[in-house]
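Asks: Input: one structure, supplied below.
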Amino acid sequence: MKSKERMTGAALAASVFLALIFGMLLYRSMGFIYAIADDIIMRDIASGAFTGTPDGHLIFVQYALGFLLSRMYLWLPSVDWYGFFMTGVIFLGLAAVLYRGLSADKTPGWKAVYTGLSLGIFGCAMIFHAAQFEWTVSAAAAGASGLYLYITMREDVGRVQRILDSVLVWLLLILTYGIRDDVFLMVLPGLGISFLWKIFRKGEGRIRVVWREIILPAAVFLTLGLMILVERQAYDTEEWDRFGTFQSARSDIYDYYGVPAYEKNPSFFEEEGIDEAELRNLRHYALYLVDGMDAELMSRLGEEAERQSGQTQGLKSRLWNGVKLAAEQAAAQGYYTASIPFLLFLAGALLLACRYCRKAFLPLLLFLGAEGVLWLYLGFMGRLPERVAFSMHLTGLAGMAGLFLLLWEKRKKQIRGGNAVMLALLVCSLAAAAFQWKASAEANEEKLAMDDSYQQFKQSCREHPENLYFIETFMAEPVGGARVTTEYSPQLNNCLTLGDWYSTSPLDTERMEELGIQNVEETILQAPNAYLVVRDVEDPGFLGDYFQEKYPGYTLVCRRTEVVGGRNYYLYQVSAG
């Protein structure tokens, strides 16, 4: 018994070590970078670069997790803890998958092939997303690996291994929910189907209930309940309630319905006191340049956007567009690194179920049905951006890989040519991983060349803390581009966008107070140290038109030009005459 316990511990240590080495090689060869601006903003909130003080209110990430990350910056502020944590979760998922094979009572050869396949499939599907991470995909990596580990948990193992398996599944699922609760809902159908398969067992002509299977789900949902309570307590103020209203309406407008059109209902905008110039500001996400922007105004704008969208598309049209979007994202070439392995495991599971285990058709079909319904729902709601679609593919891959492994191991001795098939898959997966490694390194270089200049520009702004720099949101951070580094500076950021998802939040109020800003538009007009920043083109565009139209006699004057990272940044000020 002690020997088996030592082997289980050794398997876990070896899995973590292999995943760590894999991650370090990836980091040393190409680095980790932020794929989108949302992660950069949450990093800045956690570190204190947003408000001046590390804060756990990351808005999209659960407060319990955000609080722990913010404490890390208090301990060692020069390390980019948020970035390393989000990428580390991806490699924790890899360690869990490796552990499943290394802890099995199998021959060294079997374990070597399993390890190679796991690294190959992970490399093929995840290298790009580990090198350019998004918090949604980090949650999906944890959730998918937790689903895989849960599906493949066996009864005929020692007590120590069963406990360790349960702890790992619990940890991965809690991380999934903590990072993004929506992703937890993606893996929940697969977990539920697997739970029912495990708790109800057929034996001796009757169905028996394995009550101990309730312990793990109960522990997961008890912990989730505690996290929900912490979340509510953290955001339980009138200011956060108003921001929640603002955020919901803002998301409806900018993520789904679009900014309402003036010509479709001029009377609405006249009643709200929004002229065409301010509506243009809305389209450019310049929320601080819209008079009276608050939760109530954003809610009314959201209702108008939904009304106009409903007039444009009827229910039948929305259903068809939803099916079309779901089908396009399910079959898109950009997800082949995950969807092709999924199809291979699906084909293998179908063949094995048909030949050796007909009862496996029930969970297989239930899983496919649940995933299909979720695809259609997300398509109908229009909520299938790239990161969400990839998370769906990853969840499907994990579920089907787990079922395939169970069926393969049950009938392995009866499968002719099974070793040859596994070796062929091993070679193909490792080759695909090598190709993805090279492609990801090139993609990182290209992204850094394009986007890192803005991160450098923000850093140059910090060298002049007496100044304030305002830049259009879409011009500033349409994507990420920041490096994950051990030389991070959490100094207060004085380069500000003209509006984003955090606008009107208590965090933004605190940031403005820290920078001495009472009103953004008045600051731009009156403060001698305030600049409007335009990137690449020496033309202020809608900003110039807005200030000239609203304030006759005023013009935007270019005070100086800075070249950072090969890109031009033009610094304007509003001047009378």
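Convention: chains lettered A, B, ... in structure tokens order; per-chain residue numbering from 1; ligands numbered from 1 as shown.
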For Ser78 of chain A, list every protein, DNA or RNA residue within 9 Å, evaluated using only C-alpha atoms, and leave out those in the same chain fewer than 3 positions away; present the list as a list in words.

Replies: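 So the residues in contact are Tyr73, Trp81, Thr485, Thr486, Glu487, Tyr488, Ser489 and Pro490 of chain A.
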
Asks: Take the residues from that selection and put them in a file with all heavy atoms, as a PDB file, in the first residue's frame.

Replies:
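Once written, again.pdb looks like this:
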```
ATOM      1  N   TYR A  73       0.975  41.152  -5.302  1.00  0.00           N
ATOM      2  CA  TYR A  73       1.666  42.386  -5.708  1.00  0.00           C
ATOM      3  C   TYR A  73       2.144  43.180  -4.510  1.00  0.00           C
ATOM      4  O   TYR A  73       3.130  43.927  -4.599  1.00  0.00           O
ATOM      5  CB  TYR A  73       0.730  43.238  -6.575  1.00  0.00           C
ATOM      6  CG  TYR A  73       0.580  42.719  -7.981  1.00  0.00           C
ATOM      7  CD1 TYR A  73      -0.557  42.005  -8.363  1.00  0.00           C
ATOM      8  CD2 TYR A  73       1.564  42.937  -8.942  1.00  0.00           C
ATOM      9  CE1 TYR A  73      -0.700  41.529  -9.659  1.00  0.00           C
ATOM     10  CE2 TYR A  73       1.425  42.460 -10.235  1.00  0.00           C
ATOM     11  CZ  TYR A  73       0.289  41.758 -10.584  1.00  0.00           C
ATOM     12  OH  TYR A  73       0.159  41.277 -11.857  1.00  0.00           O
ATOM     13  N   TRP A  81       2.305  39.047 -11.617  1.00  0.00           N
ATOM     14  CA  TRP A  81       1.635  37.880 -11.049  1.00  0.00           C
ATOM     15  C   TRP A  81       0.394  37.479 -11.840  1.00  0.00           C
ATOM     16  O   TRP A  81       0.121  36.295 -12.031  1.00  0.00           O
ATOM     17  CB  TRP A  81       1.252  38.150  -9.590  1.00  0.00           C
ATOM     18  CG  TRP A  81       2.419  38.240  -8.667  1.00  0.00           C
ATOM     19  CD1 TRP A  81       2.903  39.349  -8.046  1.00  0.00           C
ATOM     20  CD2 TRP A  81       3.279  37.158  -8.275  1.00  0.00           C
ATOM     21  NE1 TRP A  81       4.002  39.049  -7.297  1.00  0.00           N
ATOM     22  CE2 TRP A  81       4.259  37.701  -7.403  1.00  0.00           C
ATOM     23  CE3 TRP A  81       3.323  35.798  -8.559  1.00  0.00           C
ATOM     24  CZ2 TRP A  81       5.252  36.930  -6.843  1.00  0.00           C
ATOM     25  CZ3 TRP A  81       4.317  35.022  -7.990  1.00  0.00           C
ATOM     26  CH2 TRP A  81       5.264  35.588  -7.134  1.00  0.00           C
ATOM     27  N   THR A 485       6.256  39.685 -17.532  1.00  0.00           N
ATOM     28  CA  THR A 485       7.652  39.899 -17.176  1.00  0.00           C
ATOM     29  C   THR A 485       7.878  39.842 -15.676  1.00  0.00           C
ATOM     30  O   THR A 485       6.944  40.004 -14.887  1.00  0.00           O
ATOM     31  CB  THR A 485       8.120  41.272 -17.717  1.00  0.00           C
ATOM     32  OG1 THR A 485       9.447  41.535 -17.301  1.00  0.00           O
ATOM     33  CG2 THR A 485       7.226  42.377 -17.199  1.00  0.00           C
ATOM     34  N   THR A 486       9.116  39.640 -15.311  1.00  0.00           N
ATOM     35  CA  THR A 486       9.517  39.704 -13.893  1.00  0.00           C
ATOM     36  C   THR A 486      10.062  41.083 -13.553  1.00  0.00           C
ATOM     37  O   THR A 486      10.584  41.292 -12.461  1.00  0.00           O
ATOM     38  CB  THR A 486      10.596  38.646 -13.588  1.00  0.00           C
ATOM     39  OG1 THR A 486      11.708  38.830 -14.477  1.00  0.00           O
ATOM     40  CG2 THR A 486      10.043  37.249 -13.763  1.00  0.00           C
ATOM     41  N   GLU A 487       9.936  42.037 -14.480  1.00  0.00           N
ATOM     42  CA  GLU A 487      10.394  43.404 -14.245  1.00  0.00           C
ATOM     43  C   GLU A 487       9.233  44.378 -14.442  1.00  0.00           C
ATOM     44  O   GLU A 487       9.358  45.420 -15.069  1.00  0.00           O
ATOM     45  CB  GLU A 487      11.549  43.749 -15.200  1.00  0.00           C
ATOM     46  CG  GLU A 487      12.766  42.847 -15.009  1.00  0.00           C
ATOM     47  CD  GLU A 487      13.863  43.141 -16.002  1.00  0.00           C
ATOM     48  OE1 GLU A 487      13.639  43.985 -16.903  1.00  0.00           O
ATOM     49  OE2 GLU A 487      14.944  42.562 -15.886  1.00  0.00           O
ATOM     50  N   TYR A 488       8.100  44.013 -13.894  1.00  0.00           N
ATOM     51  CA  TYR A 488       6.873  44.804 -14.051  1.00  0.00           C
ATOM     52  C   TYR A 488       6.895  46.004 -13.112  1.00  0.00           C
ATOM     53  O   TYR A 488       7.378  45.932 -11.987  1.00  0.00           O
ATOM     54  CB  TYR A 488       5.660  43.917 -13.755  1.00  0.00           C
ATOM     55  CG  TYR A 488       4.347  44.653 -13.704  1.00  0.00           C
ATOM     56  CD1 TYR A 488       3.824  45.245 -14.846  1.00  0.00           C
ATOM     57  CD2 TYR A 488       3.636  44.756 -12.513  1.00  0.00           C
ATOM     58  CE1 TYR A 488       2.616  45.921 -14.798  1.00  0.00           C
ATOM     59  CE2 TYR A 488       2.422  45.418 -12.470  1.00  0.00           C
ATOM     60  CZ  TYR A 488       1.920  46.002 -13.619  1.00  0.00           C
ATOM     61  OH  TYR A 488       0.725  46.663 -13.572  1.00  0.00           O
ATOM     62  N   SER A 489       6.352  47.130 -13.591  1.00  0.00           N
ATOM     63  CA  SER A 489       6.264  48.341 -12.774  1.00  0.00           C
ATOM     64  C   SER A 489       4.800  48.696 -12.551  1.00  0.00           C
ATOM     65  O   SER A 489       4.115  49.075 -13.506  1.00  0.00           O
ATOM     66  CB  SER A 489       6.977  49.510 -13.471  1.00  0.00           C
ATOM     67  OG  SER A 489       6.735  50.719 -12.765  1.00  0.00           O
ATOM     68  N   PRO A 490       4.309  48.592 -11.326  1.00  0.00           N
ATOM     69  CA  PRO A 490       2.894  48.902 -11.044  1.00  0.00           C
ATOM     70  C   PRO A 490       2.646  50.378 -10.764  1.00  0.00           C
ATOM     71  O   PRO A 490       1.718  50.741 -10.064  1.00  0.00           O
ATOM     72  CB  PRO A 490       2.608  48.045  -9.809  1.00  0.00           C
ATOM     73  CG  PRO A 490       3.919  48.011  -9.088  1.00  0.00           C
ATOM     74  CD  PRO A 490       4.992  48.054 -10.144  1.00  0.00           C
TER      75      PRO A 490
END
```

Asks: Write out as a list of chain:residue names which residues come within 12 Å of Val537 of chain A when counting only C-alpha atoms, dropping same-chain ones fewer than 3 positions away.

Replies: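 With the cut-off at 12 Å, the set is A:Met475, A:Val533, A:Val534, A:Pro540, A:Gly541, A:Cys558, A:Thr561, A:Arg567, A:Asn568, A:Tyr569, A:Tyr570, A:Leu571.
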
Asks: Would you mind exporting N, CA, C and O atoms of the selected residues as a JSON list (two decimals), in the first residue's frame?

Replies:
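This went into selection-v4.json:
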```
[["chain", "number", "residue", "atom", "x", "y", "z"],
["A", 475, "MET", "N", -8.03, 53.22, -30.57],
["A", 475, "MET", "CA", -6.68, 53.49, -31.04],
["A", 475, "MET", "C", -5.64, 52.98, -30.05],
["A", 475, "MET", "O", -4.53, 52.61, -30.42],
["A", 533, "VAL", "N", -4.04, 62.25, -27.42],
["A", 533, "VAL", "CA", -3.05, 61.50, -28.17],
["A", 533, "VAL", "C", -3.69, 60.88, -29.40],
["A", 533, "VAL", "O", -4.75, 60.25, -29.31],
["A", 534, "VAL", "N", -3.05, 61.05, -30.54],
["A", 534, "VAL", "CA", -3.49, 60.43, -31.79],
["A", 534, "VAL", "C", -2.35, 59.58, -32.32],
["A", 534, "VAL", "O", -1.20, 60.04, -32.34],
["A", 540, "PRO", "N", -6.53, 64.59, -35.90],
["A", 540, "PRO", "CA", -7.31, 64.24, -34.71],
["A", 540, "PRO", "C", -8.66, 63.63, -35.00],
["A", 540, "PRO", "O", -9.33, 63.12, -34.11],
["A", 541, "GLY", "N", -9.10, 63.66, -36.28],
["A", 541, "GLY", "CA", -10.34, 62.98, -36.67],
["A", 541, "GLY", "C", -11.56, 63.51, -35.94],
["A", 541, "GLY", "O", -11.77, 64.72, -35.83],
["A", 558, "CYS", "N", -1.34, 70.51, -32.49],
["A", 558, "CYS", "CA", -0.35, 69.46, -32.23],
["A", 558, "CYS", "C", 0.88, 70.09, -31.57],
["A", 558, "CYS", "O", 1.57, 70.92, -32.18],
["A", 561, "THR", "N", 5.44, 65.54, -31.38],
["A", 561, "THR", "CA", 5.30, 64.17, -31.89],
["A", 561, "THR", "C", 6.34, 63.28, -31.23],
["A", 561, "THR", "O", 7.52, 63.68, -31.11],
["A", 567, "ARG", "N", 6.30, 53.75, -34.18],
["A", 567, "ARG", "CA", 5.00, 54.34, -34.49],
["A", 567, "ARG", "C", 4.98, 55.78, -33.99],
["A", 567, "ARG", "O", 5.58, 56.11, -32.95],
["A", 568, "ASN", "N", 4.24, 56.60, -34.69],
["A", 568, "ASN", "CA", 4.14, 58.01, -34.33],
["A", 568, "ASN", "C", 2.97, 58.26, -33.40],
["A", 568, "ASN", "O", 1.87, 57.75, -33.63],
["A", 569, "TYR", "N", 3.21, 59.06, -32.36],
["A", 569, "TYR", "CA", 2.16, 59.48, -31.44],
["A", 569, "TYR", "C", 2.14, 61.01, -31.43],
["A", 569, "TYR", "O", 3.13, 61.65, -31.05],
["A", 570, "TYR", "N", 1.01, 61.58, -31.86],
["A", 570, "TYR", "CA", 0.86, 63.02, -31.95],
["A", 570, "TYR", "C", 0.10, 63.53, -30.74],
["A", 570, "TYR", "O", -1.00, 63.05, -30.43],
["A", 571, "LEU", "N", 0.70, 64.50, -30.04],
["A", 571, "LEU", "CA", 0.13, 65.02, -28.80],
["A", 571, "LEU", "C", -0.51, 66.38, -29.06],
["A", 571, "LEU", "O", 0.17, 67.35, -29.42]]
```

Asks: Using only C-alpha atoms, which protein or nucleic acid residues come within 6 Å of segment 144-161 of chain A? Drop anything in the same chain fewer than 2 positions from it, and give the result as a VMD selection string.

Replies: chain A and resid 93 140 to 142 163 to 165 169 172 194 395 398 to 399 402

Asks: Any chance you could list, as a CSV table (one decimal) with all heavy atoms, in the first residue's frame, the residues in segment 473-548 of chain A that come up helix (DSSP H, G or I) when DSSP is run on the backbone?

Replies:
```csv
chain,number,residue,atom,x,y,z
A,473,THR,N,-10.1,55.0,-27.3
A,473,THR,CA,-10.0,53.6,-26.8
A,473,THR,C,-9.6,52.6,-27.9
A,473,THR,O,-8.8,51.8,-27.8
A,473,THR,CB,-11.4,53.2,-26.3
A,473,THR,OG1,-11.8,54.1,-25.3
A,473,THR,CG2,-11.4,51.8,-25.7
A,474,PHE,N,-10.3,52.8,-29.1
A,474,PHE,CA,-10.0,51.8,-30.2
A,474,PHE,C,-8.6,52.0,-30.7
A,474,PHE,O,-8.0,51.1,-31.3
A,474,PHE,CB,-11.0,52.0,-31.3
A,474,PHE,CG,-12.4,51.6,-30.9
A,474,PHE,CD1,-13.5,52.4,-31.4
A,474,PHE,CD2,-12.6,50.5,-30.1
A,474,PHE,CE1,-14.8,52.0,-31.0
A,474,PHE,CE2,-13.9,50.2,-29.7
A,474,PHE,CZ,-15.0,50.9,-30.2
A,475,MET,N,-8.0,53.2,-30.6
A,475,MET,CA,-6.7,53.5,-31.0
A,475,MET,C,-5.6,53.0,-30.0
A,475,MET,O,-4.5,52.6,-30.4
A,475,MET,CB,-6.5,55.0,-31.2
A,475,MET,CG,-5.2,55.4,-31.9
A,475,MET,SD,-5.2,57.2,-32.2
A,475,MET,CE,-6.4,57.3,-33.5
A,476,ALA,N,-6.0,52.9,-28.8
A,476,ALA,CA,-5.1,52.6,-27.7
A,476,ALA,C,-4.9,51.1,-27.6
A,476,ALA,O,-3.8,50.6,-27.8
A,476,ALA,CB,-5.5,53.2,-26.4
A,506,PRO,N,-16.6,52.3,-9.4
A,506,PRO,CA,-15.9,52.9,-8.3
A,506,PRO,C,-14.4,52.9,-8.4
A,506,PRO,O,-13.7,53.8,-8.0
A,506,PRO,CB,-16.4,52.0,-7.1
A,506,PRO,CG,-17.7,51.5,-7.5
A,506,PRO,CD,-17.6,51.3,-9.0
A,507,LEU,N,-13.9,51.9,-9.2
A,507,LEU,CA,-12.5,51.9,-9.4
A,507,LEU,C,-12.1,53.1,-10.3
A,507,LEU,O,-11.0,53.7,-10.0
A,507,LEU,CB,-12.1,50.6,-10.2
A,507,LEU,CG,-12.2,49.3,-9.4
A,507,LEU,CD1,-12.0,48.1,-10.4
A,507,LEU,CD2,-11.1,49.3,-8.3
A,508,ASP,N,-12.8,53.4,-11.3
A,508,ASP,CA,-12.5,54.5,-12.2
A,508,ASP,C,-12.6,55.8,-11.4
A,508,ASP,O,-11.8,56.8,-11.6
A,508,ASP,CB,-13.4,54.5,-13.4
A,508,ASP,CG,-12.7,55.0,-14.6
A,508,ASP,OD1,-11.4,54.8,-14.7
A,508,ASP,OD2,-13.3,55.5,-15.6
A,509,THR,N,-13.6,55.9,-10.6
A,509,THR,CA,-13.8,57.1,-9.7
A,509,THR,C,-12.5,57.3,-8.8
A,509,THR,O,-12.0,58.4,-8.7
A,509,THR,CB,-15.0,57.0,-8.8
A,509,THR,OG1,-16.2,56.8,-9.7
A,509,THR,CG2,-15.2,58.2,-8.0
A,510,GLU,N,-12.1,56.2,-8.3
A,510,GLU,CA,-10.9,56.3,-7.4
A,510,GLU,C,-9.7,56.7,-8.2
A,510,GLU,O,-8.8,57.5,-7.8
A,510,GLU,CB,-10.7,54.9,-6.7
A,510,GLU,CG,-9.5,54.9,-5.8
A,510,GLU,CD,-9.3,53.5,-5.1
A,510,GLU,OE1,-10.3,52.7,-5.2
A,510,GLU,OE2,-8.3,53.3,-4.5
A,511,ARG,N,-9.6,56.1,-9.4
A,511,ARG,CA,-8.4,56.5,-10.3
A,511,ARG,C,-8.4,58.0,-10.6
A,511,ARG,O,-7.4,58.6,-10.6
A,511,ARG,CB,-8.5,55.6,-11.6
A,511,ARG,CG,-7.4,56.0,-12.5
A,511,ARG,CD,-7.3,55.1,-13.7
A,511,ARG,NE,-8.5,55.3,-14.6
A,511,ARG,CZ,-8.5,55.0,-15.9
A,511,ARG,NH1,-7.4,54.6,-16.5
A,511,ARG,NH2,-9.5,55.2,-16.7
A,512,MET,N,-9.6,58.5,-11.0
A,512,MET,CA,-9.7,59.9,-11.4
A,512,MET,C,-9.3,60.8,-10.2
A,512,MET,O,-8.6,61.8,-10.3
A,512,MET,CB,-11.1,60.2,-11.9
A,512,MET,CG,-11.5,59.5,-13.2
A,512,MET,SD,-10.4,59.9,-14.5
A,512,MET,CE,-11.1,59.0,-15.9
A,513,GLU,N,-9.8,60.4,-9.0
A,513,GLU,CA,-9.4,61.2,-7.8
A,513,GLU,C,-7.9,61.2,-7.6
A,513,GLU,O,-7.3,62.2,-7.2
A,513,GLU,CB,-10.2,60.7,-6.6
A,513,GLU,CG,-11.7,60.9,-6.7
A,513,GLU,CD,-12.4,60.3,-5.5
A,513,GLU,OE1,-11.8,59.5,-4.7
A,513,GLU,OE2,-13.6,60.5,-5.4
A,514,GLU,N,-7.3,60.0,-7.8
A,514,GLU,CA,-5.9,59.9,-7.6
A,514,GLU,C,-5.1,60.8,-8.5
A,514,GLU,O,-4.0,61.3,-8.2
A,514,GLU,CB,-5.5,58.4,-7.7
A,514,GLU,CG,-4.1,58.1,-7.3
A,514,GLU,CD,-3.9,58.2,-5.8
A,514,GLU,OE1,-4.9,58.0,-5.0
A,514,GLU,OE2,-2.7,58.4,-5.3
A,515,LEU,N,-5.6,60.9,-9.7
A,515,LEU,CA,-5.0,61.7,-10.8
A,515,LEU,C,-5.4,63.2,-10.8
A,515,LEU,O,-4.9,64.0,-11.6
A,515,LEU,CB,-5.2,61.1,-12.2
A,515,LEU,CG,-4.6,59.8,-12.4
A,515,LEU,CD1,-5.1,59.2,-13.7
A,515,LEU,CD2,-3.1,59.9,-12.5
A,520,VAL,N,-13.4,64.7,-17.2
A,520,VAL,CA,-12.4,64.5,-18.2
A,520,VAL,C,-12.5,65.6,-19.3
A,520,VAL,O,-11.4,66.1,-19.7
A,520,VAL,CB,-12.7,63.1,-18.9
A,520,VAL,CG1,-11.8,62.9,-20.1
A,520,VAL,CG2,-12.4,62.0,-17.9
A,521,GLU,N,-13.7,65.9,-19.7
A,521,GLU,CA,-13.8,66.9,-20.8
A,521,GLU,C,-13.2,68.3,-20.3
A,521,GLU,O,-12.5,69.0,-21.0
A,521,GLU,CB,-15.2,67.1,-21.3
A,521,GLU,CG,-15.4,67.9,-22.5
A,521,GLU,CD,-16.7,67.7,-23.2
A,521,GLU,OE1,-17.3,66.6,-23.1
A,521,GLU,OE2,-17.2,68.7,-23.8
A,522,GLU,N,-13.6,68.7,-19.1
A,522,GLU,CA,-13.1,70.0,-18.6
A,522,GLU,C,-11.6,69.9,-18.4
A,522,GLU,O,-10.9,70.9,-18.6
A,522,GLU,CB,-13.8,70.3,-17.2
A,522,GLU,CG,-15.3,70.6,-17.4
A,522,GLU,CD,-15.9,70.9,-16.0
A,522,GLU,OE1,-15.2,70.9,-15.0
A,522,GLU,OE2,-17.1,71.2,-16.0
A,523,THR,N,-11.1,68.8,-18.0
A,523,THR,CA,-9.6,68.6,-17.8
A,523,THR,C,-8.9,68.8,-19.2
A,523,THR,O,-7.9,69.5,-19.3
A,523,THR,CB,-9.3,67.3,-17.2
A,523,THR,OG1,-9.9,67.1,-16.0
A,523,THR,CG2,-7.8,67.1,-17.1
A,524,ILE,N,-9.4,68.2,-20.2
A,524,ILE,CA,-8.9,68.3,-21.6
A,524,ILE,C,-8.9,69.8,-22.0
A,524,ILE,O,-8.0,70.3,-22.6
A,524,ILE,CB,-9.6,67.4,-22.6
A,524,ILE,CG1,-9.3,66.0,-22.2
A,524,ILE,CG2,-9.1,67.7,-24.0
A,524,ILE,CD1,-10.2,65.0,-23.0
A,525,LEU,N,-10.0,70.5,-21.7
A,525,LEU,CA,-10.2,71.9,-22.1
A,525,LEU,C,-9.3,72.9,-21.4
A,525,LEU,O,-8.7,73.8,-21.9
A,525,LEU,CB,-11.6,72.3,-22.0
A,525,LEU,CG,-12.6,71.8,-23.0
A,525,LEU,CD1,-14.0,72.2,-22.6
A,525,LEU,CD2,-12.3,72.5,-24.4
A,526,GLN,N,-9.1,72.6,-20.0
A,526,GLN,CA,-8.5,73.7,-19.2
A,526,GLN,C,-7.1,73.3,-18.7
A,526,GLN,O,-6.4,74.3,-18.4
A,526,GLN,CB,-9.5,73.9,-18.0
A,526,GLN,CG,-10.9,74.4,-18.4
A,526,GLN,CD,-11.8,74.5,-17.3
A,526,GLN,OE1,-11.4,74.3,-16.1
A,526,GLN,NE2,-13.1,74.7,-17.5
A,542,PHE,N,-12.4,62.6,-35.4
A,542,PHE,CA,-13.6,63.0,-34.8
A,542,PHE,C,-13.4,63.9,-33.6
A,542,PHE,O,-14.2,64.7,-33.2
A,542,PHE,CB,-14.4,61.8,-34.4
A,542,PHE,CG,-14.0,61.1,-33.1
A,542,PHE,CD1,-14.7,61.4,-31.9
A,542,PHE,CD2,-12.9,60.3,-33.0
A,542,PHE,CE1,-14.4,60.8,-30.7
A,542,PHE,CE2,-12.6,59.7,-31.8
A,542,PHE,CZ,-13.3,59.9,-30.7
A,543,LEU,N,-12.2,63.7,-32.9
A,543,LEU,CA,-11.9,64.5,-31.7
A,543,LEU,C,-11.8,66.0,-32.1
A,543,LEU,O,-12.3,66.9,-31.4
A,543,LEU,CB,-10.6,64.1,-31.1
A,543,LEU,CG,-10.7,62.7,-30.4
A,543,LEU,CD1,-9.3,62.3,-30.0
A,543,LEU,CD2,-11.6,62.7,-29.2
A,544,GLY,N,-11.1,66.3,-33.2
A,544,GLY,CA,-11.0,67.6,-33.7
A,544,GLY,C,-12.4,68.2,-34.0
A,544,GLY,O,-12.7,69.4,-33.7
A,545,ASP,N,-13.2,67.5,-34.8
A,545,ASP,CA,-14.5,67.9,-35.1
A,545,ASP,C,-15.4,68.2,-33.9
A,545,ASP,O,-16.1,69.2,-33.8
A,545,ASP,CB,-15.2,66.9,-36.0
A,545,ASP,CG,-14.5,66.7,-37.4
A,545,ASP,OD1,-13.8,67.7,-37.8
A,545,ASP,OD2,-14.7,65.7,-38.0
A,546,TYR,N,-15.3,67.3,-32.9
A,546,TYR,CA,-16.1,67.4,-31.7
A,546,TYR,C,-15.8,68.7,-31.0
A,546,TYR,O,-16.7,69.5,-30.7
A,546,TYR,CB,-15.9,66.2,-30.8
A,546,TYR,CG,-16.6,66.4,-29.5
A,546,TYR,CD1,-18.0,66.3,-29.4
A,546,TYR,CD2,-15.9,66.6,-28.3
A,546,TYR,CE1,-18.7,66.4,-28.2
A,546,TYR,CE2,-16.5,66.7,-27.1
A,546,TYR,CZ,-17.9,66.7,-27.0
A,546,TYR,OH,-18.5,66.8,-25.8
A,547,PHE,N,-14.6,69.0,-30.7
A,547,PHE,CA,-14.2,70.2,-29.9
A,547,PHE,C,-14.5,71.5,-30.7
A,547,PHE,O,-14.9,72.5,-30.1
A,547,PHE,CB,-12.8,70.1,-29.4
A,547,PHE,CG,-12.6,69.1,-28.2
A,547,PHE,CD1,-12.1,67.9,-28.4
A,547,PHE,CD2,-12.9,69.5,-27.0
A,547,PHE,CE1,-11.9,67.0,-27.4
A,547,PHE,CE2,-12.8,68.7,-25.9
A,547,PHE,CZ,-12.3,67.4,-26.1
A,548,GLN,N,-14.2,71.5,-32.0
A,548,GLN,CA,-14.5,72.7,-32.8
A,548,GLN,C,-15.9,73.0,-32.9
A,548,GLN,O,-16.4,74.1,-32.9
A,548,GLN,CB,-13.8,72.5,-34.1
A,548,GLN,CG,-12.3,72.5,-34.1
A,548,GLN,CD,-11.7,72.3,-35.5
A,548,GLN,OE1,-12.4,72.4,-36.5
A,548,GLN,NE2,-10.4,72.0,-35.5
```

Asks: Would you pick out the contacts of Trp211 of chain A at 12 Å or less, using only C-alpha atoms, so that residues sharing its chain but fewer than 6 positions from it are not included, and give the list as a PyMOL selection string?

Replies: chain A and resi 195-196+198-201+217-218

Asks: I want to know what sits within 10 Å of Leu188 of chain A, based on only C-alpha atoms, with residues of the same chain fewer than 4 positions away left out; could you give that as a short mmCIF file (atom, residue, chain, number, x, y, z; two decimals) with N, CA and C atoms, in the first residue's frame?

Replies:
```cif
data_model
loop_
_atom_site.label_atom_id
_atom_site.label_comp_id
_atom_site.auth_asym_id
_atom_site.auth_seq_id
_atom_site.Cartn_x
_atom_site.Cartn_y
_atom_site.Cartn_z
N GLY A 143 -10.99 24.10 -16.81
CA GLY A 143 -12.25 23.36 -16.83
C GLY A 143 -12.18 22.10 -17.67
N LEU A 147 -12.60 18.33 -16.34
CA LEU A 147 -13.59 17.43 -16.93
C LEU A 147 -12.96 16.11 -17.35
N LEU A 173 -11.77 22.88 -11.11
CA LEU A 173 -13.11 23.44 -11.31
C LEU A 173 -13.31 24.74 -10.55
N VAL A 183 -17.50 30.06 -18.23
CA VAL A 183 -16.81 28.88 -18.75
C VAL A 183 -17.13 27.65 -17.90
N PHE A 184 -17.32 27.86 -16.61
CA PHE A 184 -17.73 26.74 -15.76
C PHE A 184 -19.03 26.14 -16.26
N GLY A 192 -22.05 16.78 -15.35
CA GLY A 192 -23.31 16.20 -14.89
C GLY A 192 -23.57 14.83 -15.49
N ILE A 193 -23.30 14.68 -16.77
CA ILE A 193 -23.50 13.38 -17.44
C ILE A 193 -22.55 12.34 -16.85
N SER A 194 -21.32 12.73 -16.64
CA SER A 194 -20.35 11.80 -16.05
C SER A 194 -20.72 11.44 -14.62
N ALA A 370 -25.77 17.84 -25.48
CA ALA A 370 -25.63 18.99 -24.59
C ALA A 370 -24.71 20.04 -25.21
N THR A 395 -13.51 22.20 -24.58
CA THR A 395 -14.38 21.39 -23.72
C THR A 395 -14.79 20.10 -24.42
#
```

Asks: Closest to Ala104 of chain A among A:Thr8, A:Ala49, A:Gln62, A:Glu303, using only C-alpha atoms?

Replies: A:Thr8

Asks: With only C-alpha atoms as the counted atoms, please give the residues lying no more than 12 Å from Tyr82 of chain A, apart from itself and same-chain residues fewer than 5 positions off, as JSON, numbers by chain.

Replies: {"A": [32, 33, 34, 39, 40, 41, 42, 43, 44, 45, 46, 47, 48, 54, 56, 58, 61, 65, 66, 67, 68, 69, 70, 71, 72, 73, 77, 87, 88, 89, 133, 134, 135, 138, 179, 483, 484, 485, 486, 488, 490]}

Asks: May I have the residues within 9 Å of Ala432 of chain A as a ChimeraX atom specification, using only C-alpha atoms and disregarding those fewer than 2 positions away in the same chain?

Replies: /A:120-121,123-124,337,427-430,434-437
